[in-house]
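Asks: Got a file for you: upload.cif, mmCIF, C-alpha atoms.
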```
data_final
loop_
_atom_site.label_atom_id
_atom_site.label_comp_id
_atom_site.auth_asym_id
_atom_site.auth_seq_id
_atom_site.Cartn_x
_atom_site.Cartn_y
_atom_site.Cartn_z
CA GLY A 1 92.67 96.55 102.95
CA GLU A 2 94.30 97.53 99.70
CA ASN A 3 94.07 101.26 99.21
CA VAL A 4 96.09 104.06 97.61
CA GLU A 5 95.13 107.66 98.31
CA GLN A 6 96.26 110.31 95.86
CA HIS A 7 96.29 114.11 96.25
CA PRO A 8 95.52 116.55 94.85
CA SER A 9 92.80 115.53 92.41
CA THR A 10 93.54 118.58 90.25
CA LEU A 11 96.64 120.73 90.03
CA SER A 12 97.21 123.84 87.95
CA VAL A 13 100.70 125.33 87.63
CA GLN A 14 102.40 127.93 85.49
CA GLU A 15 104.83 126.74 82.87
CA GLY A 16 108.27 126.47 84.44
CA ASP A 17 106.99 125.87 87.96
CA SER A 18 107.27 122.57 89.82
CA ALA A 19 104.43 120.14 90.44
CA VAL A 20 104.18 117.62 93.27
CA ILE A 21 101.67 114.79 93.54
CA LYS A 22 101.47 112.72 96.69
CA CYS A 23 100.23 109.20 97.39
CA THR A 24 99.76 107.16 100.52
CA TYR A 25 99.47 103.41 100.60
CA SER A 26 98.14 101.13 103.29
CA ASP A 27 99.84 97.77 102.86
CA SER A 28 103.31 97.55 104.40
CA ALA A 29 104.03 94.60 102.09
CA SER A 30 103.88 96.87 99.03
CA ASN A 31 107.29 97.03 97.39
CA TYR A 32 106.87 98.48 93.92
CA PHE A 33 105.50 101.94 93.12
CA PRO A 34 105.00 103.04 89.50
CA TRP A 35 103.62 106.29 88.14
CA TYR A 36 101.55 106.38 84.96
CA LYS A 37 100.73 109.37 82.77
CA GLN A 38 97.57 109.42 80.69
CA GLU A 39 97.22 112.13 78.10
CA LEU A 40 93.75 112.97 76.85
CA GLY A 41 92.35 110.09 74.80
CA LYS A 42 95.51 108.03 75.07
CA ARG A 43 96.66 105.02 77.03
CA PRO A 44 98.23 105.22 80.50
CA GLN A 45 101.99 105.03 80.11
CA LEU A 46 104.63 104.25 82.69
CA ILE A 47 106.86 107.28 83.28
CA ILE A 48 108.86 106.29 86.34
CA ASP A 49 108.86 103.64 89.05
CA ILE A 50 110.61 102.93 92.31
CA ARG A 51 111.20 99.84 94.40
CA SER A 52 111.02 99.72 98.16
CA ASN A 53 114.77 99.36 98.62
CA VAL A 54 115.34 102.82 97.12
CA GLY A 55 114.41 106.21 98.59
CA GLU A 56 114.58 108.36 95.48
CA LYS A 57 114.85 107.99 91.74
CA LYS A 58 115.30 110.66 89.06
CA ASP A 59 114.85 110.75 85.33
CA GLN A 60 115.51 114.17 83.81
CA ARG A 61 112.70 116.48 84.99
CA ILE A 62 110.80 113.86 86.97
CA ALA A 63 111.65 112.26 90.27
CA VAL A 64 109.92 109.97 92.71
CA THR A 65 110.56 109.79 96.45
CA LEU A 66 109.51 107.03 98.81
CA ASN A 67 109.10 107.15 102.58
CA LYS A 68 108.44 103.57 103.69
CA THR A 69 108.00 104.49 107.33
CA ALA A 70 105.21 106.92 106.57
CA LYS A 71 103.97 104.88 103.58
CA HIS A 72 104.14 107.93 101.35
CA PHE A 73 105.52 108.34 97.85
CA SER A 74 105.53 111.42 95.68
CA LEU A 75 106.05 112.46 92.08
CA HIS A 76 107.99 115.65 91.44
CA ILE A 77 108.03 117.36 88.06
CA THR A 78 110.36 120.32 87.67
CA GLU A 79 110.36 123.01 84.96
CA THR A 80 106.89 121.98 83.86
CA GLN A 81 105.93 122.31 80.21
CA PRO A 82 102.50 122.34 78.53
CA GLU A 83 103.07 118.79 77.28
CA ASP A 84 103.20 117.63 80.90
CA SER A 85 99.47 118.31 81.10
CA ALA A 86 97.76 114.94 81.67
CA VAL A 87 96.22 112.73 84.34
CA TYR A 88 98.85 111.12 86.55
CA PHE A 89 98.18 107.90 88.45
CA CYS A 90 100.24 106.45 91.25
CA ALA A 91 100.05 102.75 92.05
CA ASP A 92 101.51 100.14 94.31
CA LYS A 93 101.98 96.43 94.07
CA HIS A 94 102.18 93.77 96.71
CA GLY A 95 104.85 91.13 96.60
CA MET A 96 107.43 90.14 94.05
CA ASN A 97 106.62 86.45 94.10
CA TYR A 98 105.66 85.95 90.49
CA GLY A 99 104.98 82.30 91.01
CA GLY A 100 102.52 82.80 93.81
CA ALA A 101 100.99 86.17 94.56
CA THR A 102 99.08 88.18 92.06
CA ASN A 103 101.00 90.97 90.39
CA LYS A 104 98.10 93.36 90.34
CA LEU A 105 98.62 97.10 90.71
CA ILE A 106 96.40 99.13 93.03
CA PHE A 107 95.91 102.61 91.58
CA GLY A 108 95.16 105.97 93.08
CA THR A 109 92.27 108.11 91.82
CA GLY A 110 94.46 110.22 89.55
CA THR A 111 95.60 113.84 89.44
CA LEU A 112 94.68 116.10 86.56
CA LEU A 113 97.70 118.33 85.98
CA ALA A 114 97.21 121.45 83.89
CA VAL A 115 100.31 123.43 82.92
CA GLN A 116 99.37 126.96 81.90
CA PRO A 117 101.61 128.53 79.22
CA GLU B 1 106.58 96.05 68.21
CA ALA B 2 102.78 96.20 68.30
CA GLY B 3 101.33 97.41 71.57
CA VAL B 4 98.27 96.26 73.44
CA THR B 5 95.23 96.52 71.20
CA GLN B 6 91.66 96.85 72.40
CA PHE B 7 88.41 96.69 70.47
CA PRO B 8 86.00 98.40 70.27
CA SER B 9 87.27 101.82 71.27
CA HIS B 10 83.76 102.89 72.19
CA SER B 11 80.52 100.99 72.63
CA VAL B 12 77.09 102.41 73.40
CA ILE B 13 74.44 99.88 74.42
CA GLU B 14 71.16 99.82 76.25
CA LYS B 15 70.67 98.39 79.69
CA GLY B 16 70.10 94.66 79.47
CA GLN B 17 72.13 94.17 76.31
CA THR B 18 75.38 92.27 75.98
CA VAL B 19 78.78 93.63 75.07
CA THR B 20 82.05 91.81 74.45
CA LEU B 21 85.34 93.64 74.69
CA ARG B 22 88.49 92.22 73.19
CA CYS B 23 92.14 92.65 74.11
CA ASP B 24 95.19 91.58 72.15
CA PRO B 25 98.24 91.76 74.43
CA ILE B 26 101.82 92.22 73.33
CA SER B 27 102.93 89.00 71.69
CA GLY B 28 104.65 86.72 74.16
CA HIS B 29 103.33 88.42 77.28
CA ASP B 30 102.02 85.78 79.67
CA ASN B 31 100.36 88.26 82.02
CA LEU B 32 97.14 89.93 80.96
CA TYR B 33 95.09 92.24 83.15
CA TRP B 34 91.69 93.87 82.91
CA TYR B 35 91.06 97.15 84.71
CA ARG B 36 88.15 99.58 84.73
CA ARG B 37 87.95 103.30 85.37
CA VAL B 38 84.66 104.83 86.26
CA MET B 39 84.70 108.60 85.68
CA GLY B 40 86.75 110.44 88.26
CA LYS B 41 87.73 107.35 90.20
CA GLU B 42 90.72 105.06 90.36
CA ILE B 43 91.75 102.55 87.74
CA LYS B 44 90.33 99.50 89.44
CA PHE B 45 91.66 95.99 89.06
CA LEU B 46 89.26 93.40 87.67
CA LEU B 47 91.32 90.29 86.99
CA HIS B 48 94.67 88.82 86.02
CA PHE B 49 95.45 85.99 83.61
CA VAL B 50 98.71 84.10 83.47
CA LYS B 51 98.58 82.52 80.06
CA GLU B 52 95.10 80.97 79.89
CA SER B 53 94.61 80.64 83.66
CA LYS B 54 92.87 83.12 85.92
CA GLN B 55 95.46 84.02 88.56
CA ASP B 56 93.28 86.50 90.40
CA GLU B 57 89.69 87.47 89.66
CA SER B 58 89.01 89.17 92.98
CA GLY B 59 88.09 92.45 91.30
CA MET B 60 85.30 91.15 89.10
CA PRO B 61 82.16 93.01 90.22
CA ASN B 62 79.64 90.18 89.87
CA ASN B 63 78.66 87.21 87.74
CA ARG B 64 77.47 89.43 84.91
CA PHE B 65 81.13 89.76 83.94
CA LEU B 66 82.91 86.89 82.21
CA ALA B 67 86.52 86.99 81.09
CA GLU B 68 88.21 84.39 78.95
CA ARG B 69 91.65 83.89 77.46
CA THR B 70 91.45 80.74 75.44
CA GLY B 71 94.85 79.57 74.22
CA GLY B 72 96.61 82.18 76.29
CA THR B 73 96.65 84.83 73.55
CA TYR B 74 93.86 87.38 73.23
CA SER B 75 91.24 87.88 75.91
CA THR B 76 87.58 88.82 75.91
CA LEU B 77 85.51 90.44 78.63
CA LYS B 78 81.77 89.98 78.28
CA VAL B 79 79.18 91.91 80.21
CA GLN B 80 75.75 90.28 80.18
CA PRO B 81 73.30 91.81 80.89
CA ALA B 82 74.80 95.29 81.09
CA GLU B 83 73.66 97.70 83.80
CA LEU B 84 74.02 101.49 83.99
CA GLU B 85 76.81 101.25 86.59
CA ASP B 86 78.93 99.21 84.19
CA SER B 87 79.68 102.36 82.20
CA GLY B 88 83.33 103.32 82.23
CA VAL B 89 86.59 102.77 80.42
CA TYR B 90 87.85 99.19 80.41
CA PHE B 91 91.61 98.93 80.13
CA CYS B 92 93.61 95.89 79.25
CA ALA B 93 97.29 95.62 80.11
CA SER B 94 99.95 93.00 79.60
CA SER B 95 103.37 92.28 81.03
CA ASP B 96 106.24 89.93 80.45
CA GLN B 97 107.09 86.93 82.59
CA GLY B 98 109.71 87.01 85.33
CA ALA B 99 109.78 89.06 88.51
CA ALA B 100 111.16 92.24 86.94
CA GLY B 101 109.29 92.12 83.65
CA ALA B 102 106.02 91.30 85.33
CA ASN B 103 106.06 94.69 87.07
CA VAL B 104 105.95 96.77 83.93
CA LEU B 105 102.42 96.91 82.61
CA THR B 106 101.77 98.12 79.09
CA PHE B 107 98.24 99.41 78.73
CA GLY B 108 95.89 99.48 75.79
CA ALA B 109 94.01 102.62 74.86
CA GLY B 110 90.87 101.33 76.56
CA SER B 111 87.33 100.50 75.52
CA ARG B 112 84.80 103.11 76.59
CA LEU B 113 81.48 101.51 77.48
CA THR B 114 78.36 103.61 77.78
CA VAL B 115 75.22 101.89 79.04
CA LEU B 116 72.02 103.88 78.51
#
```
Take the structure I supplied and represent it as structure tokens, if you would.
Replies:
Amino acid sequence: GENVEQHPSTLSVQEGDSAVIKCTYSDSASNYFPWYKQELGKRPQLIIDIRSNVGEKKDQRIAVTLNKTAKHFSLHITETQPEDSAVYFCADKHGMNYGGATNKLIFGTGTLLAVQP
Amino acid sequence: EAGVTQFPSHSVIEKGQTVTLRCDPISGHDNLYWYRRVMGKEIKFLLHFVKESKQDESGMPNNRFLAERTGGTYSTLKVQPAELEDSGVYFCASSDQGAAGANVLTFGAGSRLTVL
């Protein structure tokens, strides 16, 4: 069935250290993997995404890697700052056929990242 | 550009009462989604509208939940009668048409529902 497992559920790091959040998906047809960041009391916002034809994508201090064989994808944040503290959600989506299949995202359970100054 | 707007931001009701949540998507976005997060769990899909049509309602928990999107603009999600397990944060999201645009969901701030 449709399922995304996300680990860890909580992560505490010192400012300047790196943080890694890992997700595993179950459906081999999944081909789009976004990451959302939700700060306290605010809306989830897309921070980075990757498609299944790419193994890695970087945007400044954040990067996402995808291993299709193992059905794993990970978020890497380097040089963490206090403003990185938030709940991070991974997700996957099945199919790119806008006209037919649903475009729903399946989310993980979230990781609460705390960056200690 | 205005984002996705949800109302109310917080609703406290008693078991058995009715609540209606409203979502105004980004203007021009054909795709509108409802999601729910129960504390500590995943953001769970409820349903997906394309314009005024329900594309996928496989995530709706039961027939106490009714979603509408008359005219293909704003959407409402009504819970009647509400039960304790309906408590959570209800998120609305919208996305543009087309294969690439449809991927990028813009979320609202959510409507927190507390059923006592």
Asks: Just give me the gap between CA of Pro44 (chain A) and CA of Val50 (chain B) in Å, one decimal is fine.
Replies: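 Calculated distance between CA of Pro44 (chain A) and CA of Val50 (chain B) is 21.3 Å.
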Asks: Could you spell out the hits of the PyMOL selection byres ((chain B) within 12 of (chain A)) on the shown file, as a ChimeraX atom specification?
Replies: /B:3-6,9-10,30-50,54-59,89-112
Asks: Calculate how many Å separate CA of Asn62 (chain B) from CA of Ala82 (chain B), rounding to one decimal.
Replies: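 Taking CA of Asn62 (chain B) and CA of Ala82 (chain B), their separation equals 11.3 Å.
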Asks: Just want the 10 Å neighbourhood of Thr80 (chain A), counted on all atoms listed in the file, with same-chain residues fewer than 2 positions away dropped. Output as a PDB file with C-alpha atoms, in the frame of the given file.
Replies:
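For reference, result.pdb as written:
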```pdb
ATOM      1  CA  VAL A  13     100.700 125.330  87.630  1.00  0.00           C
ATOM      2  CA  GLN A  14     102.400 127.930  85.490  1.00  0.00           C
ATOM      3  CA  GLU A  15     104.830 126.740  82.870  1.00  0.00           C
ATOM      4  CA  GLY A  16     108.270 126.470  84.440  1.00  0.00           C
ATOM      5  CA  ASP A  17     106.990 125.870  87.960  1.00  0.00           C
ATOM      6  CA  SER A  18     107.270 122.570  89.820  1.00  0.00           C
ATOM      7  CA  ALA A  19     104.430 120.140  90.440  1.00  0.00           C
ATOM      8  CA  ARG A  61     112.700 116.480  84.990  1.00  0.00           C
ATOM      9  CA  ILE A  62     110.800 113.860  86.970  1.00  0.00           C
ATOM     10  CA  HIS A  76     107.990 115.650  91.440  1.00  0.00           C
ATOM     11  CA  ILE A  77     108.030 117.360  88.060  1.00  0.00           C
ATOM     12  CA  THR A  78     110.360 120.320  87.670  1.00  0.00           C
ATOM     13  CA  PRO A  82     102.500 122.340  78.530  1.00  0.00           C
ATOM     14  CA  GLU A  83     103.070 118.790  77.280  1.00  0.00           C
ATOM     15  CA  ASP A  84     103.200 117.630  80.900  1.00  0.00           C
ATOM     16  CA  SER A  85      99.470 118.310  81.100  1.00  0.00           C
ATOM     17  CA  ALA A 114      97.210 121.450  83.890  1.00  0.00           C
ATOM     18  CA  VAL A 115     100.310 123.430  82.920  1.00  0.00           C
ATOM     19  CA  GLN A 116      99.370 126.960  81.900  1.00  0.00           C
ATOM     20  CA  PRO A 117     101.610 128.530  79.220  1.00  0.00           C
TER      21      PRO A 117
END
```
Asks: What is the CA of Thr18 (chain B)-CA of Arg64 (chain B) distance in Å, reported with one decimal?
Replies: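 Result for CA of Thr18 (chain B) versus CA of Arg64 (chain B): 9.6 Å, one decimal.
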Asks: Care to translate the PyMOL selection byres ((chain A and resi 22) around 6) into actual residues of this file, as a ChimeraX atom specification?
Replies: /A:6-7,21,23,74
Asks: Using the chain letters and residue numbers of this document, give as a ChimeraX atom specification the residues selected by the PyMOL selection byres ((chain B and resi 116) around 12).
Replies: /B:11-17,82-88,113-115
Asks: Next, the residues of the selection above should be written as a PDB file, in the coordinates of the input with C-alpha atoms.
Replies:
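This is the output file selection_7.pdb:
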```pdb
ATOM      1  CA  SER B  11      80.520 100.990  72.630  1.00  0.00           C
ATOM      2  CA  VAL B  12      77.090 102.410  73.400  1.00  0.00           C
ATOM      3  CA  ILE B  13      74.440  99.880  74.420  1.00  0.00           C
ATOM      4  CA  GLU B  14      71.160  99.820  76.250  1.00  0.00           C
ATOM      5  CA  LYS B  15      70.670  98.390  79.690  1.00  0.00           C
ATOM      6  CA  GLY B  16      70.100  94.660  79.470  1.00  0.00           C
ATOM      7  CA  GLN B  17      72.130  94.170  76.310  1.00  0.00           C
ATOM      8  CA  ALA B  82      74.800  95.290  81.090  1.00  0.00           C
ATOM      9  CA  GLU B  83      73.660  97.700  83.800  1.00  0.00           C
ATOM     10  CA  LEU B  84      74.020 101.490  83.990  1.00  0.00           C
ATOM     11  CA  GLU B  85      76.810 101.250  86.590  1.00  0.00           C
ATOM     12  CA  ASP B  86      78.930  99.210  84.190  1.00  0.00           C
ATOM     13  CA  SER B  87      79.680 102.360  82.200  1.00  0.00           C
ATOM     14  CA  GLY B  88      83.330 103.320  82.230  1.00  0.00           C
ATOM     15  CA  LEU B 113      81.480 101.510  77.480  1.00  0.00           C
ATOM     16  CA  THR B 114      78.360 103.610  77.780  1.00  0.00           C
ATOM     17  CA  VAL B 115      75.220 101.890  79.040  1.00  0.00           C
TER      18      VAL B 115
END
```
Asks: May I have the residues within 9 Å of region 70-74 of chain B as number ranges by chain, using only C-alpha atoms and disregarding those fewer than 3 positions away in the same chain?
Replies: B: 22-25, 27-30, 32, 49-53
Asks: Measuring between all atoms listed in the file, which one of A:Ile47, A:Ala70, A:Val64, A:Leu11 shows the shortest distance to Ser26 (chain A)?
Replies: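 So, comparing all the options, the nearest one is A:Ala70.
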Asks: List every protein, DNA or RNA residue that has an atom no more than 7 Å from (82.2, 94.8, 79.6) in the file's coordinate frame, counting only C-alpha atoms, and report them as a PyMOL selection string.
Replies: chain B and resi 19-21+65+77-79
Asks: Any idea what's packed within 6 Å of region 53-56 of chain A, counting all atoms listed in the file, ignoring anything in its chain fewer than 2 positions away? Could you give it as a list in words?
Replies: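 These residues fall inside the cut-off: Arg51, Val64, Thr65 and Leu66 of chain A.
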Asks: For Asn67 (chain A), which of A:Asn3, A:Tyr88, A:Ile48, A:Tyr25 is the closest residue, counting all atoms listed in the file?
Replies: A:Tyr25
Asks: Emit as lines of an AutoDock Vina configuration file the padded axis-aligned box for all listed atoms of region 61-65 of chain B, 6 Å per side, with centre and edge lengths in Å to one decimal.
Replies:
```
center_x = 79.8
center_y = 90.1
center_z = 87.1
size_x = 16.7
size_y = 17.8
size_z = 18.3
```
